[in-house]
file input-v6.cif (mmCIF, C-alpha atoms and all ligand atoms)
data_work
loop_
_atom_site.label_atom_id
_atom_site.label_comp_id
_atom_site.auth_asym_id
_atom_site.auth_seq_id
_atom_site.Cartn_x
_atom_site.Cartn_y
_atom_site.Cartn_z
CA VAL A 1 53.80 -12.52 -1.84
CA THR A 2 51.78 -13.17 1.28
CA GLU A 3 48.23 -11.98 1.02
CA GLU A 4 46.51 -10.66 4.08
CA LYS A 5 44.17 -13.21 5.58
CA PRO A 6 40.56 -12.38 4.86
CA VAL A 7 38.65 -11.77 8.07
CA THR A 8 35.08 -13.03 8.11
CA SER A 9 32.35 -12.02 10.48
CA LEU A 10 29.51 -13.79 12.24
CA LEU A 11 26.03 -12.55 13.11
CA HIS A 12 24.56 -14.72 15.88
CA LEU A 13 20.81 -14.52 16.54
CA ASP A 14 18.92 -16.46 19.22
CA SER A 15 15.15 -16.62 19.55
CA SER A 16 14.41 -19.07 22.36
CA ALA A 17 12.35 -17.69 25.23
CA SER A 18 14.39 -19.85 27.62
CA PRO A 19 17.76 -18.93 29.16
CA LEU A 20 21.01 -20.55 28.06
CA ASP A 21 21.01 -23.27 30.73
CA GLU A 22 17.53 -24.44 29.69
CA SER A 23 17.69 -23.86 25.94
CA VAL A 24 19.02 -26.46 23.54
CA SER A 25 19.13 -24.04 20.60
CA ARG A 26 21.04 -21.44 22.64
CA GLN A 27 23.56 -24.05 23.80
CA LEU A 28 24.04 -25.28 20.23
CA THR A 29 24.46 -21.82 18.70
CA ARG A 30 26.87 -20.93 21.53
CA ARG A 31 28.91 -24.04 20.72
CA PHE A 32 29.03 -23.16 17.02
CA ALA A 33 29.93 -19.52 17.72
CA ASP A 34 32.72 -20.41 20.16
CA THR A 35 34.25 -22.93 17.74
CA TRP A 36 33.83 -20.62 14.75
CA ARG A 37 35.45 -17.71 16.55
CA ALA A 38 38.48 -19.83 17.46
CA GLN A 39 39.24 -20.47 13.78
CA PRO A 40 41.92 -18.50 11.97
CA GLY A 41 40.57 -15.89 9.59
CA THR A 42 37.46 -15.17 11.62
CA GLY A 43 36.99 -11.78 13.16
CA GLY A 44 33.82 -9.78 13.61
CA TYR A 45 31.12 -11.08 15.92
CA THR A 46 27.70 -9.56 16.59
CA TYR A 47 25.17 -11.09 18.96
CA ARG A 48 21.47 -10.30 19.04
CA ASP A 49 18.97 -11.87 21.41
CA LEU A 50 15.61 -11.55 19.66
CA ALA A 51 13.72 -12.92 22.67
CA ALA A 52 15.31 -10.69 25.32
CA GLU A 53 15.28 -7.58 23.13
CA PRO A 54 12.40 -8.06 20.71
CA VAL A 55 12.40 -6.27 17.38
CA PRO A 56 9.26 -4.07 17.24
CA PRO A 57 6.56 -5.44 14.92
CA ILE A 58 6.17 -3.57 11.64
CA GLY A 59 3.55 -0.84 11.47
CA PRO A 60 1.45 0.69 8.69
CA ALA A 61 4.20 3.14 7.67
CA TYR A 62 6.59 0.22 7.08
CA ALA A 63 4.06 -1.33 4.73
CA SER A 64 3.37 1.93 2.86
CA LEU A 65 7.10 2.66 2.48
CA GLY A 66 7.63 -0.87 1.21
CA ARG A 67 4.81 -0.51 -1.32
CA ARG A 68 6.31 2.76 -2.64
CA VAL A 69 9.72 1.16 -3.04
CA GLN A 70 8.17 -1.76 -4.90
CA SER A 71 6.37 0.59 -7.31
CA HIS A 72 9.05 3.25 -7.78
CA GLY A 73 12.37 1.63 -6.85
CA VAL A 74 14.63 3.03 -4.15
CA VAL A 75 12.98 6.04 -2.55
CA PRO A 76 13.81 8.01 0.60
CA PRO A 77 11.36 7.64 3.49
CA GLY A 78 9.78 11.00 2.58
CA ASP A 79 8.41 13.57 4.99
CA VAL A 80 6.24 11.17 6.92
CA PRO A 81 7.65 10.91 10.49
CA GLU A 82 6.20 7.41 10.90
CA GLU A 83 8.10 6.24 7.84
CA HIS A 84 11.33 7.72 9.21
CA HIS A 85 10.68 5.95 12.47
CA GLU A 86 10.10 2.60 10.74
CA TRP A 87 13.23 3.04 8.65
CA THR A 88 15.28 3.94 11.74
CA LEU A 89 14.17 0.67 13.32
CA THR A 90 14.82 -1.34 10.17
CA ARG A 91 18.00 -0.05 8.60
CA PRO A 92 20.47 -1.06 11.36
CA LEU A 93 19.14 -4.63 11.25
CA ILE A 94 19.61 -4.80 7.49
CA THR A 95 23.14 -3.38 7.79
CA GLU A 96 23.94 -5.91 10.51
CA LEU A 97 22.79 -8.74 8.26
CA LEU A 98 24.62 -7.50 5.17
CA THR A 99 27.85 -6.98 7.11
CA ALA A 100 28.01 -10.61 8.21
CA ASP A 101 29.53 -13.43 6.16
CA THR A 102 28.00 -16.16 8.30
CA VAL A 103 24.58 -15.83 9.91
CA LEU A 104 23.76 -18.19 12.78
CA LEU A 105 20.12 -18.58 13.82
CA GLY A 106 18.93 -20.39 16.95
CA VAL A 107 15.35 -21.47 16.31
CA PRO A 108 13.11 -23.46 18.68
CA MET A 109 9.96 -25.01 17.30
CA TYR A 110 6.98 -23.20 18.80
CA ASN A 111 3.57 -24.54 17.81
CA PHE A 112 5.00 -26.34 14.80
CA SER A 113 6.65 -23.22 13.44
CA ILE A 114 9.26 -20.60 14.34
CA PRO A 115 9.05 -18.26 17.39
CA ALA A 116 7.25 -14.97 16.84
CA ALA A 117 10.44 -13.20 18.00
CA LEU A 118 12.28 -14.50 14.93
CA LYS A 119 9.35 -13.94 12.56
CA THR A 120 9.17 -10.31 13.67
CA TRP A 121 12.85 -9.86 12.81
CA ILE A 122 12.30 -11.57 9.42
CA ASP A 123 9.31 -9.36 8.60
CA ARG A 124 11.26 -6.22 9.43
CA VAL A 125 14.57 -7.06 7.82
CA THR A 126 13.07 -8.40 4.57
CA PHE A 127 12.37 -4.95 3.17
CA PRO A 128 11.76 -4.70 -0.60
CA GLY A 129 15.05 -4.32 -2.44
CA ALA A 130 17.15 -4.32 0.75
CA PHE A 131 19.26 -7.25 -0.38
CA VAL A 132 19.97 -6.02 -3.91
CA ASP A 133 22.91 -3.79 -4.77
CA PRO A 134 21.21 -0.78 -6.40
CA ASP A 135 24.19 -0.18 -8.72
CA THR A 136 24.91 -3.69 -9.93
CA GLY A 137 21.68 -5.59 -9.23
CA HIS A 138 23.84 -8.16 -7.40
CA ASN A 139 22.09 -10.27 -4.74
CA LEU A 140 23.84 -9.23 -1.51
CA LEU A 141 22.74 -12.35 0.38
CA ARG A 142 23.66 -14.94 -2.22
CA ASP A 143 27.15 -15.72 -0.92
CA LYS A 144 26.35 -15.72 2.77
CA HIS A 145 26.51 -18.91 4.80
CA ILE A 146 23.33 -19.32 6.82
CA VAL A 147 23.49 -21.82 9.70
CA VAL A 148 20.06 -22.56 11.14
CA VAL A 149 20.04 -24.48 14.43
CA MET A 150 16.61 -25.86 15.26
CA ALA A 151 15.42 -27.48 18.50
CA ARG A 152 12.09 -29.18 18.90
CA GLY A 153 10.44 -31.12 21.69
CA GLY A 154 8.98 -33.86 19.49
CA GLY A 155 10.11 -35.87 16.46
CA TYR A 156 9.09 -35.02 12.91
CA GLY A 157 11.34 -37.20 10.76
CA PRO A 158 10.13 -38.79 7.50
CA GLY A 159 7.64 -41.58 8.17
CA THR A 160 6.85 -40.50 11.74
CA PRO A 161 3.21 -39.73 12.66
CA ARG A 162 3.83 -35.98 12.92
CA ALA A 163 6.05 -35.64 9.84
CA ASP A 164 3.52 -33.34 8.16
CA PHE A 165 3.35 -31.05 11.19
CA ASP A 166 6.82 -29.55 10.76
CA PHE A 167 6.36 -26.01 9.45
CA GLN A 168 9.69 -24.90 10.90
CA THR A 169 12.12 -26.60 8.48
CA PRO A 170 10.10 -26.07 5.25
CA TYR A 171 9.40 -22.45 6.17
CA LEU A 172 13.04 -21.57 6.78
CA ARG A 173 14.16 -23.47 3.69
CA ALA A 174 11.59 -21.67 1.52
CA TYR A 175 12.48 -18.29 3.02
CA PHE A 176 16.20 -18.53 2.30
CA THR A 177 15.71 -20.25 -1.07
CA ASN A 178 13.42 -17.43 -2.14
CA LEU A 179 16.09 -14.90 -1.16
CA GLY A 180 18.57 -16.68 -3.41
CA VAL A 181 20.91 -17.78 -0.61
CA GLU A 182 22.88 -20.72 -1.96
CA ASN A 183 24.54 -21.98 1.19
CA VAL A 184 22.06 -22.82 3.94
CA SER A 185 22.87 -25.44 6.60
CA LEU A 186 19.87 -26.70 8.56
CA VAL A 187 20.85 -28.49 11.78
CA GLU A 188 18.31 -29.95 14.19
CA ALA A 189 18.06 -31.45 17.65
CA GLU A 190 14.81 -33.37 17.99
CA LEU A 191 12.91 -34.82 20.95
CA THR A 192 14.49 -32.31 23.32
CA ARG A 193 11.59 -32.83 25.76
CA ALA A 194 11.99 -36.63 25.88
CA ALA A 195 13.75 -36.73 29.24
CA ALA A 196 11.26 -34.36 30.88
CA MET A 197 7.99 -35.90 29.69
CA PRO A 198 6.98 -39.31 31.12
CA ASP A 199 5.24 -40.49 27.93
CA LEU A 200 8.34 -39.70 25.86
CA THR A 201 10.99 -41.52 27.93
CA ALA A 202 11.20 -44.31 25.32
CA PHE A 203 12.61 -41.69 22.96
CA ILE A 204 15.53 -40.66 25.17
CA PRO A 205 18.07 -42.68 23.12
CA LEU A 206 16.82 -41.02 19.90
CA ALA A 207 17.04 -37.60 21.56
CA THR A 208 20.61 -38.31 22.67
CA ALA A 209 21.56 -39.43 19.16
CA SER A 210 19.92 -36.38 17.61
CA LEU A 211 21.82 -34.01 19.91
CA ALA A 212 25.11 -35.81 19.27
CA ALA A 213 24.54 -35.58 15.50
CA ALA A 214 23.84 -31.85 15.84
CA HIS A 215 27.12 -31.39 17.78
CA THR A 216 29.08 -33.23 15.09
CA THR A 217 27.50 -31.30 12.24
CA LEU A 218 27.99 -27.94 13.94
CA ASP A 219 31.63 -28.68 14.80
CA THR A 220 32.26 -29.66 11.18
CA LEU A 221 30.55 -26.54 9.86
CA ALA A 222 32.33 -24.24 12.31
CA THR A 223 35.78 -25.62 11.53
CA SER A 224 35.37 -25.88 7.75
CA PRO A 225 36.92 -23.11 5.72
CA HIS A 226 34.36 -20.41 5.14
CA PRO A 227 32.34 -21.67 2.14
CA GLN A 228 32.35 -18.20 0.65
CA LEU A 229 36.12 -18.35 0.48
CA GLY A 230 36.13 -21.72 -1.26
CA ASN A 231 37.58 -24.93 0.10
CA ASP A 232 40.83 -24.70 -1.81
CA LEU A 233 41.53 -21.06 -1.20
CA HIS A 234 45.15 -20.46 -0.28
CA TYR A 235 46.01 -17.58 1.93
CA GLU A 236 49.56 -17.59 0.68
CA THR A 237 50.39 -17.32 -2.96
CA GLN A 238 53.75 -17.80 -4.60
CA PRO A 239 55.61 -14.71 -5.84
C1 LIG B 301 5.56 -21.98 23.38
C2 LIG B 301 6.14 -23.32 23.03
C3 LIG B 301 5.61 -24.04 21.99
C4 LIG B 301 6.15 -25.28 21.65
N1 LIG B 301 5.62 -25.95 20.60
C5 LIG B 301 6.19 -27.12 20.22
C6 LIG B 301 5.68 -27.83 19.10
O1 LIG B 301 4.76 -27.41 18.42
N2 LIG B 301 6.28 -28.98 18.76
C7 LIG B 301 7.34 -29.49 19.46
O2 LIG B 301 7.84 -30.53 19.08
N3 LIG B 301 7.83 -28.85 20.53
C8 LIG B 301 7.28 -27.68 20.92
N4 LIG B 301 7.77 -27.02 22.01
C9 LIG B 301 8.98 -27.57 22.69
C10 LIG B 301 10.25 -26.90 22.17
O3 LIG B 301 10.34 -26.97 20.76
C11 LIG B 301 11.48 -27.53 22.77
O4 LIG B 301 11.41 -27.41 24.18
C12 LIG B 301 12.76 -26.90 22.25
O5 LIG B 301 13.86 -27.54 22.84
C13 LIG B 301 12.78 -25.41 22.52
O6 LIG B 301 13.99 -24.82 22.11
P1 LIG B 301 15.01 -24.34 23.24
O7 LIG B 301 15.44 -25.57 24.00
O8 LIG B 301 16.16 -23.74 22.50
O9 LIG B 301 14.33 -23.33 24.11
C14 LIG B 301 7.24 -25.80 22.38
C15 LIG B 301 7.77 -25.05 23.45
C16 LIG B 301 7.23 -23.84 23.79
C17 LIG B 301 7.82 -23.06 24.93
#
call {"tool": "encode", "arguments": {"input": "input-v6.cif", "output": "structure tokens"}}
result
Amino acid sequence: VTEEKPVTSLLHLDSSASPLDESVSRQLTRRFADTWRAQPGTGGYTYRDLAAEPVPPIGPAYASLGRRVQSHGVVPPGDVPEEHHEWTLTRPLITELLTADTVLLGVPMYNFSIPAALKTWIDRVTFPGAFVDPDTGHNLLRDKHIVVVMARGGGYGPGTPRADFDFQTPYLRAYFTNLGVENVSLVEAELTRAAAMPDLTAFIPLATASLAAAHTTLDTLATSPHPQLGNDLHYETQP
């Protein structure tokens, strides 16, 4: 018996304000996506540019709808037009996320944290109860593979003077841990501004090494069997 190959899908989100030729995070997510899509068993691909097409910030009706859901469980948006509007903006983004097996995020460090464009998406998509199957209580995000690709102009490694200033990595780790996602890969390219800033030129070799390490990690992740499918999954089974 030959089983049909499972087809997995990728949701690719970028949040850098810079275009592809000037953005390290965009170039890295593009590399991952191209490699991932060339693998057997991969199929669906959705791309969303959160910087070019910003998700609207949440409004008061989003908050009131969320509070009602938290108090009463799943409820329809009701007769309030503003709530319908908020839900219309929110629901497709949630569906897009739940449809994907692998979620790829390109995340520059902006002012020690993540870009507002990404935070706005997070605030909208993280609607109360949205990631729980209402029938089974199953966590719908648990088995997803999240690949976070971070780029930052400076260096924030352990023991460096600015190590405590990194609110990008701990924030994203806390966010996905809290959602119960078990498979999160955090990949970083540091010192991306070293070549452009005269007082950072001494760090060019470290920047080059950091970028090379990010390439290696992303190529490994993109060519590994989908973690959700298990490393020893066989597509063909004996009769
Ligand atoms: C608005 C803004 C804020 C930034 N803040 C920081 C920062 O706090 N720390 C840092 O190391 N680099 C900072 N940078 C530099 C970027 O993190 C760096 O250029 C990175 O490569 C951006 O990602 P990208 O190449 O994908 O656009 C900032 C850049 C911009 C545009």
call {"tool": "atom_distance", "arguments": {"input": "input-v6.cif", "atom1": "atom CA of A:His138", "atom2": "atom CA of A:Pro225"}}
result
23.8 Å
call {"tool": "residues_around", "arguments": {"input": "input-v6.cif", "residues": "A:Val103", "least_positions_apart": "3", "cutoff": "7 Å", "atoms": "all atoms listed in the file", "output": "list in words"}}
result
Leu10, Leu11, His12, Ala100, His145, Ile146 and Val147 of chain A
call {"tool": "closest_atom_pairs", "arguments": {"input": "input-v6.cif", "of": "chain A", "to": "ligand LIG 301 (chain B)", "cutoff": "10 Å", "atoms": "all atoms listed in the file", "output": "CSV"}}
result
residue,atom,partner,partner_atom,distance
A:Asp14,CA,B:LIG301,O8,8.4
A:Ser15,CA,B:LIG301,O8,7.8
A:Ser16,CA,B:LIG301,O9,4.6
A:Ala17,CA,B:LIG301,O9,6.1
A:Ser18,CA,B:LIG301,O9,4.9
A:Pro19,CA,B:LIG301,O9,7.5
A:Leu20,CA,B:LIG301,O8,8.0
A:Asp21,CA,B:LIG301,O7,9.0
A:Glu22,CA,B:LIG301,O7,6.2
A:Ser23,CA,B:LIG301,O7,3.4
A:Val24,CA,B:LIG301,O7,3.7
A:Ser25,CA,B:LIG301,O8,3.5
A:Arg26,CA,B:LIG301,O8,5.4
A:Gln27,CA,B:LIG301,O8,7.5
A:Leu28,CA,B:LIG301,O8,8.3
A:Thr29,CA,B:LIG301,O8,9.3
A:Gly106,CA,B:LIG301,O8,7.0
A:Val107,CA,B:LIG301,O8,6.6
A:Pro108,CA,B:LIG301,O6,3.8
A:Met109,CA,B:LIG301,O3,4.0
A:Tyr110,CA,B:LIG301,N1,3.6
A:Asn111,CA,B:LIG301,O1,3.2
A:Phe112,CA,B:LIG301,O1,3.8
A:Ser113,CA,B:LIG301,O1,6.8
A:Ile114,CA,B:LIG301,N1,9.0
A:Pro115,CA,B:LIG301,C1,7.9
A:Ala116,CA,B:LIG301,C1,9.7
A:Val149,CA,B:LIG301,O8,9.0
A:Met150,CA,B:LIG301,O6,7.4
A:Ala151,CA,B:LIG301,O5,4.6
A:Arg152,CA,B:LIG301,O3,3.4
A:Gly153,CA,B:LIG301,N3,3.6
A:Gly154,CA,B:LIG301,O2,3.5
A:Gly155,CA,B:LIG301,O2,6.4
A:Tyr156,CA,B:LIG301,O2,7.7
A:Arg162,CA,B:LIG301,O2,9.2
A:Phe165,CA,B:LIG301,O1,8.2
A:Asp166,CA,B:LIG301,N2,8.0
A:Phe167,CA,B:LIG301,O1,9.2
A:Gln168,CA,B:LIG301,O1,9.3
A:Ala189,CA,B:LIG301,O5,7.7
A:Glu190,CA,B:LIG301,O2,7.6
A:Leu191,CA,B:LIG301,O2,6.9
A:Thr192,CA,B:LIG301,O5,4.8
A:Arg193,CA,B:LIG301,O4,5.6
A:Ala194,CA,B:LIG301,O4,9.4
A:Ala196,CA,B:LIG301,O4,9.7
call {"tool": "write_last_selection", "arguments": {"input": "input-v6.cif", "atoms": "C-alpha atoms", "output": "PDB file, in the coordinates of the input"}}
result
ATOM      1  CA  ASP A  14      18.920 -16.460  19.220  1.00  0.00           C
ATOM      2  CA  SER A  15      15.150 -16.620  19.550  1.00  0.00           C
ATOM      3  CA  SER A  16      14.410 -19.070  22.360  1.00  0.00           C
ATOM      4  CA  ALA A  17      12.350 -17.690  25.230  1.00  0.00           C
ATOM      5  CA  SER A  18      14.390 -19.850  27.620  1.00  0.00           C
ATOM      6  CA  PRO A  19      17.760 -18.930  29.160  1.00  0.00           C
ATOM      7  CA  LEU A  20      21.010 -20.550  28.060  1.00  0.00           C
ATOM      8  CA  ASP A  21      21.010 -23.270  30.730  1.00  0.00           C
ATOM      9  CA  GLU A  22      17.530 -24.440  29.690  1.00  0.00           C
ATOM     10  CA  SER A  23      17.690 -23.860  25.940  1.00  0.00           C
ATOM     11  CA  VAL A  24      19.020 -26.460  23.540  1.00  0.00           C
ATOM     12  CA  SER A  25      19.130 -24.040  20.600  1.00  0.00           C
ATOM     13  CA  ARG A  26      21.040 -21.440  22.640  1.00  0.00           C
ATOM     14  CA  GLN A  27      23.560 -24.050  23.800  1.00  0.00           C
ATOM     15  CA  LEU A  28      24.040 -25.280  20.230  1.00  0.00           C
ATOM     16  CA  THR A  29      24.460 -21.820  18.700  1.00  0.00           C
ATOM     17  CA  GLY A 106      18.930 -20.390  16.950  1.00  0.00           C
ATOM     18  CA  VAL A 107      15.350 -21.470  16.310  1.00  0.00           C
ATOM     19  CA  PRO A 108      13.110 -23.460  18.680  1.00  0.00           C
ATOM     20  CA  MET A 109       9.960 -25.010  17.300  1.00  0.00           C
ATOM     21  CA  TYR A 110       6.980 -23.200  18.800  1.00  0.00           C
ATOM     22  CA  ASN A 111       3.570 -24.540  17.810  1.00  0.00           C
ATOM     23  CA  PHE A 112       5.000 -26.340  14.800  1.00  0.00           C
ATOM     24  CA  SER A 113       6.650 -23.220  13.440  1.00  0.00           C
ATOM     25  CA  ILE A 114       9.260 -20.600  14.340  1.00  0.00           C
ATOM     26  CA  PRO A 115       9.050 -18.260  17.390  1.00  0.00           C
ATOM     27  CA  ALA A 116       7.250 -14.970  16.840  1.00  0.00           C
ATOM     28  CA  VAL A 149      20.040 -24.480  14.430  1.00  0.00           C
ATOM     29  CA  MET A 150      16.610 -25.860  15.260  1.00  0.00           C
ATOM     30  CA  ALA A 151      15.420 -27.480  18.500  1.00  0.00           C
ATOM     31  CA  ARG A 152      12.090 -29.180  18.900  1.00  0.00           C
ATOM     32  CA  GLY A 153      10.440 -31.120  21.690  1.00  0.00           C
ATOM     33  CA  GLY A 154       8.980 -33.860  19.490  1.00  0.00           C
ATOM     34  CA  GLY A 155      10.110 -35.870  16.460  1.00  0.00           C
ATOM     35  CA  TYR A 156       9.090 -35.020  12.910  1.00  0.00           C
ATOM     36  CA  ARG A 162       3.830 -35.980  12.920  1.00  0.00           C
ATOM     37  CA  PHE A 165       3.350 -31.050  11.190  1.00  0.00           C
ATOM     38  CA  ASP A 166       6.820 -29.550  10.760  1.00  0.00           C
ATOM     39  CA  PHE A 167       6.360 -26.010   9.450  1.00  0.00           C
ATOM     40  CA  GLN A 168       9.690 -24.900  10.900  1.00  0.00           C
ATOM     41  CA  ALA A 189      18.060 -31.450  17.650  1.00  0.00           C
ATOM     42  CA  GLU A 190      14.810 -33.370  17.990  1.00  0.00           C
ATOM     43  CA  LEU A 191      12.910 -34.820  20.950  1.00  0.00           C
ATOM     44  CA  THR A 192      14.490 -32.310  23.320  1.00  0.00           C
ATOM     45  CA  ARG A 193      11.590 -32.830  25.760  1.00  0.00           C
ATOM     46  CA  ALA A 194      11.990 -36.630  25.880  1.00  0.00           C
ATOM     47  CA  ALA A 196      11.260 -34.360  30.880  1.00  0.00           C
TER      48      ALA A 196
END
call {"tool": "closest_atom_pairs", "arguments": {"input": "input-v6.cif", "of": "stretch 7-114 of chain A", "to": "stretch 217-221 of chain A", "cutoff": "12 Å", "atoms": "all atoms listed in the file", "output": "Markdown table"}}
result
| residue | atom | partner | partner_atom | distance |
| --- | --- | --- | --- | --- |
| A:Ser25 | CA | A:Leu218 | CA | 11.8 |
| A:Gln27 | CA | A:Leu218 | CA | 11.5 |
| A:Leu28 | CA | A:Leu218 | CA | 7.9 |
| A:Thr29 | CA | A:Leu218 | CA | 8.5 |
| A:Arg30 | CA | A:Leu218 | CA | 10.4 |
| A:Arg31 | CA | A:Leu218 | CA | 7.9 |
| A:Phe32 | CA | A:Leu218 | CA | 5.8 |
| A:Ala33 | CA | A:Leu218 | CA | 9.4 |
| A:Asp34 | CA | A:Asp219 | CA | 9.9 |
| A:Thr35 | CA | A:Asp219 | CA | 7.0 |
| A:Trp36 | CA | A:Leu221 | CA | 8.3 |
| A:Arg37 | CA | A:Asp219 | CA | 11.7 |
| A:Ala38 | CA | A:Asp219 | CA | 11.5 |
| A:Gln39 | CA | A:Asp219 | CA | 11.2 |
| A:Thr102 | CA | A:Leu221 | CA | 10.8 |
| A:Leu104 | CA | A:Leu218 | CA | 10.7 |
call {"tool": "atom_distance", "arguments": {"input": "input-v6.cif", "atom1": "atom CA of A:Asn178", "atom2": "atom CA of A:Trp121"}}
result
16.8 Å
call {"tool": "atom_distance", "arguments": {"input": "input-v6.cif", "atom1": "atom CA of A:Thr160", "atom2": "atom CA of A:Ala195"}}
result
19.2 Å
call {"tool": "closest_residue", "arguments": {"input": "input-v6.cif", "among": "A:Pro77, A:Glu96, A:Tyr62, A:Gln70", "to": "A:Gly44", "atoms": "only C-alpha atoms"}}
result
A:Glu96
call {"tool": "residues_around", "arguments": {"input": "input-v6.cif", "residues": "stretch 124-135 of chain A", "least_positions_apart": "3", "cutoff": "8 Å", "atoms": "all atoms listed in the file", "output": "list in words"}}
result
Pro57, Ile58, Gly66, Val69, Gln70, Gly73, Val74, Thr90, Arg91, Leu93, Ile94, Leu98, Thr120, Trp121, His138, Asn139, Leu140 and Leu141 of chain A
call {"tool": "residues_around", "arguments": {"input": "input-v6.cif", "residues": "A:Ala61", "least_positions_apart": "4", "cutoff": "10 Å", "atoms": "all atoms listed in the file", "output": "list in words"}}
result
Leu65, Gly66, Arg67, Pro77, Val80, Pro81, Glu82, Glu83, His84, His85, Glu86 and Trp87 of chain A
call {"tool": "closest_residue", "arguments": {"input": "input-v6.cif", "among": "A:Pro198, A:Glu188, A:Arg142, A:Leu179", "to": "A:Leu211", "atoms": "only C-alpha atoms"}}
result
A:Glu188
call {"tool": "closest_residue", "arguments": {"input": "input-v6.cif", "among": "A:Gly41, A:Pro205, A:Pro56, A:Gly159", "to": "A:Leu118", "atoms": "only C-alpha atoms"}}
result
A:Pro56
call {"tool": "closest_residue", "arguments": {"input": "input-v6.cif", "among": "A:Pro6, A:Pro54, A:Pro40, A:Pro60", "to": "A:Lys119", "atoms": "all atoms listed in the file"}}
result
A:Pro54
